[in-house]
Structures are given as structure tokens and as C-alpha cells.
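What follows is a single structure, written as C-alpha cells, with notes after it.
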Amino acid sequence: MEAKRTAIMNFTPKDLAALLEDWGEPTYRAQQIFEWVYQKRADSFETMTNLPQDLRKKLAQEFVVNSLHVVETVSSSDGSRKFLIALADGMSVETVAIPHRDRLTVCVSSQVGCPVGCPFCATGQAGFKRNLEPSEIVGQVWLVAKQLDRRVDNLVFMGMGEPLLNYDNLCQALLTLNAPWGMGIGARRITISTVGVPPVILKLAEDWPELRLAVSLQSPFPEVRDYLVPLNRVYSLRSLLDALKIYITRVRHRVTIEYTLWEGVNDRIKDAYELVKLLRGLNVFVNLIPGNRVDGLPFLPPSPARVKKFYNILKENGMEVSIRLSRGQDIEAACGNLYRIHGLERGLGRP
Ligand code: SF4
């Protein structure tokens with residue numbers, strides 16, 4: 001049986017230089033190797049022609065450049081592309097490429113499945129399998145850049161999973177995604193989307209103050225939020241808002257509030273007024289997102305007229321608000337849908 005090789009994307013240049021030194025190699029080789037991996041997107045050590053043949057062989061025995069591969073791609077008429085990506089252990093995640101003018105945004109997953117279990121979400125309903133390794137988070141971005149042969153400008157952690165429940169691996173991945181020796185994506189161009197883990201939001205303000213934060217609020221009423229976002233039973237709406245106040249004071253930039261609208265559940269007039277009350281005085285921007293229907297789940301997107309009414313109440317009450325239409329409407333746009341439909345059918349995602 002072949003020995004398990006280490007993912008080189010879990011290493012920093014410093015870690016790799018120390019290992020190369022142990023091997024009796026000059027430490028500058030680490031920089032050369034990462035140039036091949038991240039700038040030239042080489043997918044094998046064999047192609048790294050400025051390294052000695054013996055070193056290339058040894059690296060190939062010990063390391064793998066990227067153990068992820070694309071098993072399914074679905075393209076939308078609006079230009080976005082959804083990738084079902086298989087991991088080395090046979091599990092899978094979804095990653096989405098969203099081109100907009102001359103920029104490319106990639107929507108990344110942070111876990112296989114999700115432990116939060118929101119009842120309207122395809123990922124949440126498929127259950128939780130495991131956290132992604134740093135190399136598996138970075139690997140998704142790298143793979144999309146390689147597939148499309150272009151650099152990635154923006155990242156959003158809005159794919160499968162709750163990124164703040166995989167914080168250590170998230171932070172290690174962010175180092176590589178952000179560093180000039182890695183994917184080189186500016187911290188201000190990276191958005192972490194969370195349903196709200198207050199103690200980790202405060203840590204994020206210390207560790208990564210330049211990142212952008214989006215919080216999925218889903219309801220201003222604690223009992224409705226308990227149902228829509230079960231993590232609310234652990235971290236109350238009040239504790240989330242308290243953490244957001246501190247976060248905004250520390251990072252000094254605006255937070256996005258994501259609010260997915262479901263007919264009759266959280267799109268009522270009283271929801272809009274309560275939301276205004278809750279967010280008044282906070283430096284936030286509200287994104288209203290008409291929900292994407294998932295087969296077998298009882299949640300329906302509201303009519304455009306209901307969405308507009310909700311929007312108008314927020315606007316007339318001084319909120320900064322927009323209606324965000326989700327991209328990829330024709331390719332099972334809801335997060336986790338491709339994984340749920342195709343991945344589980346193929347056995348990807350089963351342990
Ligand atoms: S909406 Fe987000 S937090 Fe909720 S189950 Fe889906 S992936 Fe998890």
C-alpha cells in the first residue's frame with residue numbers, strides 16, 4: 001500500500017525551509033517550490049525544472065501538491081461555475097467560481113457538510129462529516145485558478161460549513177491565501193460568512209482585522225432564529241449583537257448582515273420592523289437574499305413584491321440595504337445542493 005503523502009499546501013515557506021535544511025538542502029529551495037506551486041500552478045514536482053532531479057524525486061515521495069480533483073462541473077448561463085471537488089478520502093465539497101467583469105470571486109467551503117443544521121439549507125440537511133484541512137481550503141482556490149487559468153481576486157467563505165467552527169484550520173489557510181508567496185489575495189478581498197459564533201468573532205477582530213465579515217441573521221426574533229439557525233440556542237441573538245458591536249469598534253469597518261427571505265417565516269412586515277429596531281445604530285449593510293428552493297424542504301422564496309416591500313421598510317427606516325439575487329439560479333444555486341444531489345448519489349461524502 002502506498003504511504004500517505006503530506007499535502008505541501010499545509011506548509012509555510014518557513015516550515016518547508018526547516019525540513020529542507022534537515023534534508024541537507026539549501027533553504028531557498030522552499031521559495032522556489034512555492035513559486036512553482038502558487039504562481040505557476042504546477043501540479044507535480046517533476047515539472048519543477050530548476051530543482052535538482054533527486055530533490056524532485058524525494059519531494060514526490062513525501063509530498064503531494066494538491067490531492068483534490070474536480071469530479072463534476074456545472075456552468076450557469078450567468079457565467080458562474082459550480083465545482084464538485086473530491087477530497088483524498090473520497091468525501092467531497094462544493095466550490096463556486098463567480099466571474100464579474102474582469103474579477104473572479106471564488107466561494108469556498110470550510111467543512112464537509114455542516115454541524116449547524118439550518119433546516120432550509122441543503123448542506124445542513126446532509127449532516128456534518130468533518131472539518132477541512134488548511135490544504136483542502138487552499139486547494140479549492142488553487143484548483144479553480146488552475147481550471148480557469150486565471151488569478152482569483154476575491155474569496156467568500158459562503159460555501160459548505162461554518163468557517164468559525166473550524167477556526168484554526170481557517171486561520172492557517174488564510175495565511176497561505178493572503179501571503180504574497182501563496183495565492184496573494186488581499187485580506188480586504190476575503191469575506192468570512194458566519195451564522196455567528198460570538199467568541200470567535202472577537203478572536204477574528206484580533207487575528208484578522210482587515211477581513212470582511214458577513215453575518216447570516218435570518219430573523220430578529222430569538223424563537224424564530226432558534227429554528228432557522230439552531231446554533232442560536234447555544235449563542236443567543238443578544239450575545240451575537242454584543243460581539244458585533246465590539247467587533248465593529250475594533251476593526252472600524254462595516255459588517256454585512258445577510259438575511260435570506262423565506263415566505264411566511266421571516267419575510268413578514270413585523271420581521272422587517274423588528275430587524276430595523278435590532279440593527280439601528282450599528283455600522284452594517286443589509287443584504288436581502290430571496291431564498292433558493294431546495295427539493296424536499298418546505299421553504300419557499302417570497303414573491304418579488306414581498307421582497308420589495310421588506311426592502312422598502314428597511315430603506316425608509318434609514319438602513320443601508322440591497323437585494324442580492326443569487327448567481328447560478330439555473331445550476332442548483334443553493335449552497336450544498338450539488339453536493340447533496342450529485343455527491344451523495346455517487347457515494348462522495350460517505351465515510
Ligand atoms: S446555512 Fe450555513 S451554517 Fe446553516 S447549515 Fe447551511 S452551511 Fe451550515
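Lettering and numbering for the C-alpha cells are positional, with chains as A, B, ... in the shown order, residues counted from 1 in each chain, and ligands counted from 1 in the shown order.
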(message) Distance limit 6 Å, reference ligand 1, atoms considered: only C-alpha atoms and all ligand atoms. Which residues make the cut? Give them as a list in words.
(response) Cys114, Val116, Gly117, Cys118, Cys121, Thr123, Gly124, Met160, Gly161, Glu162 and Val195 of chain A
Can you spit out the residues from that selection as a short mmCIF file (atom, residue, chain, number, x, y, z; two decimals), in the first residue's frame, using N, CA and C atoms?
data_model
loop_
_atom_site.label_atom_id
_atom_site.label_comp_id
_atom_site.auth_asym_id
_atom_site.auth_seq_id
_atom_site.Cartn_x
_atom_site.Cartn_y
_atom_site.Cartn_z
N CYS A 114 -22.15 20.33 7.40
CA CYS A 114 -22.14 21.43 8.36
C CYS A 114 -22.84 21.01 9.65
N VAL A 116 -24.17 22.93 11.86
CA VAL A 116 -25.20 23.86 12.35
C VAL A 116 -26.61 23.35 12.02
N GLY A 117 -26.77 22.75 10.84
CA GLY A 117 -28.04 22.09 10.51
C GLY A 117 -29.22 23.02 10.30
N CYS A 118 -29.02 24.15 9.63
CA CYS A 118 -30.15 25.05 9.34
C CYS A 118 -31.17 24.29 8.48
N CYS A 121 -31.31 24.61 4.51
CA CYS A 121 -30.05 24.56 3.78
C CYS A 121 -29.71 23.13 3.36
N THR A 123 -26.83 21.86 2.57
CA THR A 123 -25.65 21.35 3.28
C THR A 123 -26.02 20.91 4.70
N GLY A 124 -26.77 21.77 5.37
CA GLY A 124 -27.16 21.48 6.76
C GLY A 124 -27.94 20.19 6.85
N MET A 160 -19.92 25.34 1.78
CA MET A 160 -20.39 24.42 2.81
C MET A 160 -19.65 24.63 4.13
N GLY A 161 -20.41 24.56 5.23
CA GLY A 161 -19.77 24.61 6.54
C GLY A 161 -19.84 25.97 7.20
N GLU A 162 -19.53 25.98 8.49
CA GLU A 162 -19.47 27.21 9.28
C GLU A 162 -17.98 27.47 9.55
N VAL A 195 -22.83 32.25 10.73
CA VAL A 195 -24.14 32.42 11.37
C VAL A 195 -23.96 33.06 12.75
#
(request) Using backbone DSSP assignments, extract all alpha helix (DSSP H) residues from range 96-164 of chain A; output them as a PyMOL selection string. (result) chain A and resi 122-125+134-148
(request) Would you work out the distance separating CA of Gln140 in chain A from CA of Met183 in chain A, expressed in Å to one decimal? (result)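 That distance, rounded to one decimal, is 11.5 Å.
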(request) Go through A:Asp43, A:Glu206, A:Glu35, A:Glu133 one by one, measure the shortest atom-to-atom distance of each to Leu170 in chain A using only C-alpha atoms, and give the residue with the smallest value. (result)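 Nearest to Leu170 in chain A: A:Glu133.
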For Asn131 in chain A, find every residue with an atom within 12 Å (counting only C-alpha atoms), except residues of its own chain fewer than 2 positions away, and show them as a CSV table (one decimal) with C-alpha atoms, in the first residue's frame.
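Wrote it out as selection_18.csv, contents follow:
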chain,number,residue,atom,x,y,z
A,87,LEU,CA,-11.0,15.1,-1.4
A,91,MET,CA,-15.5,12.9,0.6
A,92,SER,CA,-16.5,16.0,-1.5
A,93,VAL,CA,-17.2,19.7,-1.2
A,109,SER,CA,-16.2,25.5,1.6
A,110,SER,CA,-14.7,25.2,5.1
A,111,GLN,CA,-16.2,21.8,6.2
A,112,VAL,CA,-17.6,18.7,4.7
A,113,GLY,CA,-21.3,19.1,5.5
A,114,CYS,CA,-22.1,21.4,8.4
A,115,PRO,CA,-22.8,20.9,12.1
A,128,PHE,CA,-21.7,17.0,9.2
A,129,LYS,CA,-18.7,14.8,8.2
A,133,GLU,CA,-7.7,20.7,6.5
A,134,PRO,CA,-5.9,24.0,5.6
A,135,SER,CA,-4.6,22.4,2.4
A,136,GLU,CA,-8.1,21.4,1.4
A,137,ILE,CA,-9.4,25.0,1.8
A,160,MET,CA,-20.4,24.4,2.8
A,161,GLY,CA,-19.8,24.6,6.5
A,162,GLU,CA,-19.5,27.2,9.3
A,163,PRO,CA,-15.9,28.6,8.9
A,164,LEU,CA,-15.8,29.9,12.5
A,165,LEU,CA,-16.3,26.3,13.8
A,166,ASN,CA,-13.1,25.3,12.0
A,167,TYR,CA,-11.1,28.3,13.1
A,168,ASP,CA,-7.6,27.0,13.5
A,169,ASN,CA,-7.6,25.4,10.1
A,170,LEU,CA,-9.3,28.5,8.6
(message) For a quick check of understanding, using only C-alpha atoms, which of A:Ala122, A:Asp271, A:Thr191, A:Leu175 has the smallest distance to Arg293 in chain A?
(response)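 Counting only C-alpha atoms, the residue closest to Arg293 in chain A is A:Ala122.
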(request) Would you kindly return, as a list in words, each protein, DNA or RNA residue with an atom no farther than 8 Å from any atom of Pro302 in chain A, considering only C-alpha atoms and excluding same-chain residues fewer than 5 positions away? (result)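 Final neighbour list, sorted by chain and number: Leu261, Trp262, Glu263, Gly264, Asp267, Pro290, Gly291 and Val307 of chain A.
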Could you find all residues in range 46-271 of chain A that DSSP calls strand (DSSP E or B) from the backbone, and write them as an mmCIF file with N, CA and C atoms, in the first residue's frame?
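Contents of out32.cif, as written:
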data_model
loop_
_atom_site.group_PDB
_atom_site.id
_atom_site.type_symbol
_atom_site.label_atom_id
_atom_site.label_comp_id
_atom_site.auth_asym_id
_atom_site.auth_seq_id
_atom_site.Cartn_x
_atom_site.Cartn_y
_atom_site.Cartn_z
ATOM 1 N N PHE A 63 5.570 14.280 -0.537
ATOM 2 C CA PHE A 63 4.511 15.295 -0.605
ATOM 3 C C PHE A 63 3.586 15.098 -1.796
ATOM 4 N N VAL A 64 2.418 15.684 -1.665
ATOM 5 C CA VAL A 64 1.534 15.810 -2.822
ATOM 6 C C VAL A 64 1.252 17.312 -2.976
ATOM 7 N N HIS A 69 -9.482 16.819 -6.606
ATOM 8 C CA HIS A 69 -9.761 16.874 -8.048
ATOM 9 C C HIS A 69 -11.243 17.123 -8.318
ATOM 10 N N VAL A 70 -11.481 17.739 -9.480
ATOM 11 C CA VAL A 70 -12.848 18.099 -9.846
ATOM 12 C C VAL A 70 -13.549 16.864 -10.401
ATOM 13 N N VAL A 71 -14.729 16.550 -9.847
ATOM 14 C CA VAL A 71 -15.459 15.396 -10.378
ATOM 15 C C VAL A 71 -16.685 15.812 -11.178
ATOM 16 N N GLU A 72 -17.105 17.031 -11.005
ATOM 17 C CA GLU A 72 -18.289 17.480 -11.734
ATOM 18 C C GLU A 72 -18.265 19.008 -11.820
ATOM 19 N N THR A 73 -18.590 19.537 -12.979
ATOM 20 C CA THR A 73 -18.677 20.994 -13.136
ATOM 21 C C THR A 73 -20.034 21.318 -13.748
ATOM 22 N N VAL A 74 -20.697 22.320 -13.201
ATOM 23 C CA VAL A 74 -21.954 22.758 -13.799
ATOM 24 C C VAL A 74 -21.822 24.250 -14.070
ATOM 25 N N SER A 75 -22.093 24.651 -15.320
ATOM 26 C CA SER A 75 -21.958 26.069 -15.673
ATOM 27 C C SER A 75 -23.326 26.714 -15.750
ATOM 28 N N ARG A 81 -19.677 29.094 -12.256
ATOM 29 C CA ARG A 81 -19.462 27.650 -12.423
ATOM 30 C C ARG A 81 -19.330 27.006 -11.065
ATOM 31 N N LYS A 82 -20.067 25.918 -10.908
ATOM 32 C CA LYS A 82 -20.039 25.220 -9.629
ATOM 33 C C LYS A 82 -19.219 23.946 -9.810
ATOM 34 N N PHE A 83 -18.286 23.716 -8.900
ATOM 35 C CA PHE A 83 -17.431 22.531 -8.979
ATOM 36 C C PHE A 83 -17.747 21.605 -7.806
ATOM 37 N N LEU A 84 -17.920 20.328 -8.103
ATOM 38 C CA LEU A 84 -17.961 19.323 -7.042
ATOM 39 C C LEU A 84 -16.544 18.767 -6.982
ATOM 40 N N ILE A 85 -15.903 18.949 -5.826
ATOM 41 C CA ILE A 85 -14.480 18.617 -5.704
ATOM 42 C C ILE A 85 -14.309 17.443 -4.746
ATOM 43 N N ALA A 86 -13.620 16.400 -5.221
ATOM 44 C CA ALA A 86 -13.386 15.218 -4.376
ATOM 45 C C ALA A 86 -12.108 15.404 -3.573
ATOM 46 N N SER A 92 -16.461 14.903 -0.465
ATOM 47 C CA SER A 92 -16.477 15.963 -1.475
ATOM 48 C C SER A 92 -17.022 17.264 -0.907
ATOM 49 N N VAL A 93 -16.664 18.356 -1.586
ATOM 50 C CA VAL A 93 -17.176 19.684 -1.223
ATOM 51 C C VAL A 93 -17.544 20.434 -2.494
ATOM 52 N N GLU A 94 -18.269 21.514 -2.300
ATOM 53 C CA GLU A 94 -18.620 22.383 -3.428
ATOM 54 C C GLU A 94 -17.804 23.663 -3.387
ATOM 55 N N THR A 95 -17.416 24.112 -4.569
ATOM 56 C CA THR A 95 -16.709 25.386 -4.698
ATOM 57 C C THR A 95 -17.304 26.080 -5.918
ATOM 58 N N VAL A 96 -17.499 27.391 -5.826
ATOM 59 C CA VAL A 96 -18.141 28.083 -6.940
ATOM 60 C C VAL A 96 -17.243 29.218 -7.434
ATOM 61 N N ALA A 97 -17.095 29.307 -8.753
ATOM 62 C CA ALA A 97 -16.347 30.410 -9.374
ATOM 63 C C ALA A 97 -17.370 31.398 -9.918
ATOM 64 N N ILE A 98 -17.222 32.674 -9.537
ATOM 65 C CA ILE A 98 -18.187 33.691 -9.951
ATOM 66 C C ILE A 98 -17.436 34.835 -10.632
ATOM 67 N N PRO A 99 -17.373 34.827 -11.962
ATOM 68 C CA PRO A 99 -16.706 35.935 -12.648
ATOM 69 C C PRO A 99 -17.616 37.158 -12.696
ATOM 70 N N HIS A 100 -17.040 38.314 -12.521
ATOM 71 C CA HIS A 100 -17.811 39.546 -12.634
ATOM 72 C C HIS A 100 -16.888 40.596 -13.253
ATOM 73 N N ARG A 103 -13.040 40.522 -12.784
ATOM 74 C CA ARG A 103 -12.654 39.939 -11.490
ATOM 75 C C ARG A 103 -13.253 38.541 -11.327
ATOM 76 N N LEU A 104 -12.507 37.718 -10.591
ATOM 77 C CA LEU A 104 -13.008 36.379 -10.304
ATOM 78 C C LEU A 104 -13.143 36.205 -8.791
ATOM 79 N N THR A 105 -14.350 35.861 -8.361
ATOM 80 C CA THR A 105 -14.599 35.563 -6.949
ATOM 81 C C THR A 105 -14.793 34.060 -6.803
ATOM 82 N N VAL A 106 -14.201 33.498 -5.769
ATOM 83 C CA VAL A 106 -14.406 32.071 -5.518
ATOM 84 C C VAL A 106 -15.101 31.904 -4.168
ATOM 85 N N CYS A 107 -16.155 31.103 -4.184
ATOM 86 C CA CYS A 107 -16.899 30.798 -2.960
ATOM 87 C C CYS A 107 -16.409 29.438 -2.448
ATOM 88 N N GLN A 111 -15.985 23.126 5.584
ATOM 89 C CA GLN A 111 -16.215 21.830 6.231
ATOM 90 C C GLN A 111 -16.900 20.903 5.225
ATOM 91 N N VAL A 112 -16.818 19.596 5.467
ATOM 92 C CA VAL A 112 -17.622 18.659 4.670
ATOM 93 C C VAL A 112 -18.939 18.532 5.413
ATOM 94 N N GLY A 113 -20.008 19.018 4.783
ATOM 95 C CA GLY A 113 -21.284 19.121 5.492
ATOM 96 C C GLY A 113 -21.219 20.279 6.475
ATOM 97 N N PHE A 128 -23.098 16.575 9.086
ATOM 98 C CA PHE A 128 -21.699 17.013 9.201
ATOM 99 C C PHE A 128 -20.780 15.805 9.109
ATOM 100 N N LYS A 129 -19.711 15.921 8.306
ATOM 101 C CA LYS A 129 -18.745 14.817 8.199
ATOM 102 C C LYS A 129 -17.435 15.153 8.907
ATOM 103 N N ARG A 130 -16.801 16.266 8.479
ATOM 104 C CA ARG A 130 -15.540 16.631 9.141
ATOM 105 C C ARG A 130 -15.118 18.046 8.748
ATOM 106 N N ASN A 131 -14.128 18.546 9.502
ATOM 107 C CA ASN A 131 -13.510 19.827 9.151
ATOM 108 C C ASN A 131 -12.583 19.645 7.962
ATOM 109 N N ASN A 154 -11.118 37.653 -5.417
ATOM 110 C CA ASN A 154 -11.895 37.751 -4.170
ATOM 111 C C ASN A 154 -12.268 36.361 -3.683
ATOM 112 N N LEU A 155 -12.382 36.254 -2.369
ATOM 113 C CA LEU A 155 -12.820 34.987 -1.777
ATOM 114 C C LEU A 155 -13.990 35.242 -0.867
ATOM 115 N N VAL A 156 -14.962 34.363 -0.903
ATOM 116 C CA VAL A 156 -16.030 34.410 0.093
ATOM 117 C C VAL A 156 -16.165 33.029 0.710
ATOM 118 N N PHE A 157 -16.156 32.977 2.019
ATOM 119 C CA PHE A 157 -16.373 31.705 2.720
ATOM 120 C C PHE A 157 -17.871 31.567 2.949
ATOM 121 N N ILE A 190 -11.277 39.282 1.179
ATOM 122 C CA ILE A 190 -11.715 37.977 1.688
ATOM 123 C C ILE A 190 -12.860 38.210 2.677
ATOM 124 N N THR A 191 -13.994 37.567 2.422
ATOM 125 C CA THR A 191 -15.150 37.707 3.312
ATOM 126 C C THR A 191 -15.444 36.379 3.997
ATOM 127 N N ILE A 192 -15.551 36.458 5.316
ATOM 128 C CA ILE A 192 -15.945 35.282 6.083
ATOM 129 C C ILE A 192 -17.430 35.429 6.399
ATOM 130 N N SER A 193 -18.200 34.435 6.009
ATOM 131 C CA SER A 193 -19.622 34.477 6.298
ATOM 132 C C SER A 193 -19.932 33.475 7.408
ATOM 133 N N THR A 194 -20.605 33.957 8.432
ATOM 134 C CA THR A 194 -20.871 33.115 9.607
ATOM 135 C C THR A 194 -22.315 33.275 10.060
ATOM 136 N N ARG A 212 -13.230 40.943 5.760
ATOM 137 C CA ARG A 212 -14.622 41.403 5.803
ATOM 138 C C ARG A 212 -15.487 40.316 6.438
ATOM 139 N N LEU A 213 -16.483 40.754 7.187
ATOM 140 C CA LEU A 213 -17.329 39.792 7.892
ATOM 141 C C LEU A 213 -18.776 39.940 7.419
ATOM 142 N N ALA A 214 -19.404 38.804 7.157
ATOM 143 C CA ALA A 214 -20.835 38.791 6.839
ATOM 144 C C ALA A 214 -21.511 37.861 7.847
ATOM 145 N N VAL A 215 -22.607 38.331 8.417
ATOM 146 C CA VAL A 215 -23.301 37.532 9.434
ATOM 147 C C VAL A 215 -24.706 37.200 8.930
ATOM 148 N N SER A 216 -25.021 35.892 8.915
ATOM 149 C CA SER A 216 -26.366 35.479 8.484
ATOM 150 C C SER A 216 -27.301 35.616 9.672
ATOM 151 N N VAL A 255 -19.978 45.825 8.733
ATOM 152 C CA VAL A 255 -20.262 44.385 8.640
ATOM 153 C C VAL A 255 -21.496 44.201 7.751
ATOM 154 N N THR A 256 -21.477 43.143 6.957
ATOM 155 C CA THR A 256 -22.661 42.841 6.143
ATOM 156 C C THR A 256 -23.588 41.908 6.921
ATOM 157 N N ILE A 257 -24.845 42.235 6.909
ATOM 158 C CA ILE A 257 -25.852 41.338 7.504
ATOM 159 C C ILE A 257 -26.564 40.634 6.346
ATOM 160 N N GLU A 258 -26.435 39.319 6.313
ATOM 161 C CA GLU A 258 -27.127 38.545 5.278
ATOM 162 C C GLU A 258 -28.484 38.127 5.842
ATOM 163 N N TYR A 259 -29.511 38.308 5.056
ATOM 164 C CA TYR A 259 -30.852 37.947 5.523
ATOM 165 C C TYR A 259 -31.561 37.228 4.384
ATOM 166 N N THR A 260 -31.656 35.894 4.501
ATOM 167 C CA THR A 260 -32.302 35.106 3.452
ATOM 168 C C THR A 260 -33.799 35.064 3.724
ATOM 169 N N LEU A 261 -34.558 35.491 2.742
ATOM 170 C CA LEU A 261 -36.001 35.629 2.956
ATOM 171 C C LEU A 261 -36.756 34.356 2.588
#
(message) One decimal, in Å: what's the spacing between CA of Asp242 in chain A and CA of Asn178 in chain A?
(response) 28.7 Å
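Neighbours of Ile246 in chain A closer than or equal to 12 Å, with only C-alpha atoms counted and sequence neighbours fewer than 3 positions away skipped, come out as Pro198, Pro199, Ile201, Leu202, Lys203, Leu204, Ala205, Glu206, Ser239, Leu240, Leu241, Asp242, Ala243, Thr249, Arg250, Val251, Arg252, His253, Val255, Leu282 and Asn283 of chain A.
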(request) Measure the distance from CA of Gly159 in chain A to CA of Val108 in chain A in Å and round it to one decimal. (result) 5.0 Å
(message) Can you pull out the residues contacting range 49-51 of chain A? Cut-off 10 Å, using only C-alpha atoms, and skip same-chain residues under 4 positions away; I want them as JSON, numbers by chain.
(response) {"A": [29, 32, 33, 36, 45, 55, 56, 57]}
Put those residues in a file: all heavy atoms, as a compact mmCIF listing (two decimals), in the first residue's frame.
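Contents of the output file out-v1.txt:
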# COMPACT_ATOMS: atom_id res chain seq x y z
N ARG A 29 15.37 26.81 -1.53
CA ARG A 29 14.56 25.91 -2.36
C ARG A 29 13.07 26.01 -1.99
O ARG A 29 12.21 25.79 -2.84
CB ARG A 29 15.00 24.45 -2.17
CG ARG A 29 16.41 24.15 -2.64
CD ARG A 29 16.42 23.96 -4.14
NE ARG A 29 17.74 23.56 -4.59
CZ ARG A 29 18.30 24.01 -5.71
NH1 ARG A 29 17.67 24.88 -6.46
NH2 ARG A 29 19.49 23.59 -6.07
N GLN A 32 11.53 28.57 -4.04
CA GLN A 32 11.38 28.11 -5.43
C GLN A 32 10.18 27.17 -5.56
O GLN A 32 9.41 27.26 -6.51
CB GLN A 32 12.64 27.36 -5.87
CG GLN A 32 13.85 28.26 -6.08
CD GLN A 32 15.07 27.44 -6.47
OE1 GLN A 32 15.36 26.40 -5.86
NE2 GLN A 32 15.79 27.90 -7.48
N ILE A 33 10.05 26.28 -4.59
CA ILE A 33 8.96 25.29 -4.65
C ILE A 33 7.60 26.00 -4.59
O ILE A 33 6.70 25.72 -5.38
CB ILE A 33 9.10 24.26 -3.50
CG1 ILE A 33 10.35 23.40 -3.74
CG2 ILE A 33 7.86 23.37 -3.39
CD1 ILE A 33 10.81 22.58 -2.54
N TRP A 36 6.62 27.62 -7.81
CA TRP A 36 6.03 26.66 -8.75
C TRP A 36 4.59 26.34 -8.39
O TRP A 36 3.73 26.28 -9.25
CB TRP A 36 6.86 25.35 -8.75
CG TRP A 36 8.10 25.44 -9.58
CD1 TRP A 36 9.37 25.60 -9.13
CD2 TRP A 36 8.18 25.38 -11.01
NE1 TRP A 36 10.25 25.63 -10.19
CE2 TRP A 36 9.53 25.49 -11.35
CE3 TRP A 36 7.24 25.22 -12.02
CZ2 TRP A 36 9.98 25.47 -12.68
CZ3 TRP A 36 7.67 25.19 -13.34
CH2 TRP A 36 9.03 25.32 -13.66
N PHE A 45 5.83 17.67 -8.85
CA PHE A 45 7.20 18.11 -8.55
C PHE A 45 8.10 17.89 -9.76
O PHE A 45 9.10 18.57 -9.93
CB PHE A 45 7.72 17.38 -7.31
CG PHE A 45 6.95 17.75 -6.07
CD1 PHE A 45 6.01 16.90 -5.54
CD2 PHE A 45 7.16 18.98 -5.46
CE1 PHE A 45 5.28 17.25 -4.41
CE2 PHE A 45 6.43 19.34 -4.33
CZ PHE A 45 5.48 18.48 -3.80
N LEU A 55 16.07 15.88 -5.69
CA LEU A 55 15.15 16.58 -4.77
C LEU A 55 13.72 16.44 -5.27
O LEU A 55 12.79 16.21 -4.48
CB LEU A 55 15.54 18.06 -4.65
CG LEU A 55 14.62 18.91 -3.76
CD1 LEU A 55 14.53 18.37 -2.34
CD2 LEU A 55 15.07 20.37 -3.73
N ARG A 56 13.53 16.57 -6.58
CA ARG A 56 12.17 16.43 -7.13
C ARG A 56 11.61 15.05 -6.79
O ARG A 56 10.45 14.92 -6.42
CB ARG A 56 12.21 16.59 -8.66
CG ARG A 56 12.33 18.02 -9.09
CD ARG A 56 12.15 18.14 -10.57
NE ARG A 56 13.42 18.41 -11.24
CZ ARG A 56 13.62 18.31 -12.54
NH1 ARG A 56 12.66 17.88 -13.33
NH2 ARG A 56 14.79 18.60 -13.06
N LYS A 57 12.47 14.04 -6.91
CA LYS A 57 12.03 12.67 -6.61
C LYS A 57 11.64 12.53 -5.14
O LYS A 57 10.59 11.97 -4.81
CB LYS A 57 13.17 11.68 -6.90
CG LYS A 57 13.06 11.06 -8.26
CD LYS A 57 13.88 9.77 -8.31
CE LYS A 57 13.95 9.31 -9.74
NZ LYS A 57 15.30 9.05 -10.20
(request) Check the smallest atom-to-atom distance from each of A:Pro298, A:Pro230, A:Gly186, A:Pro220 to Arg268 in chain A using only C-alpha atoms, then report the winner. (result) A:Pro220
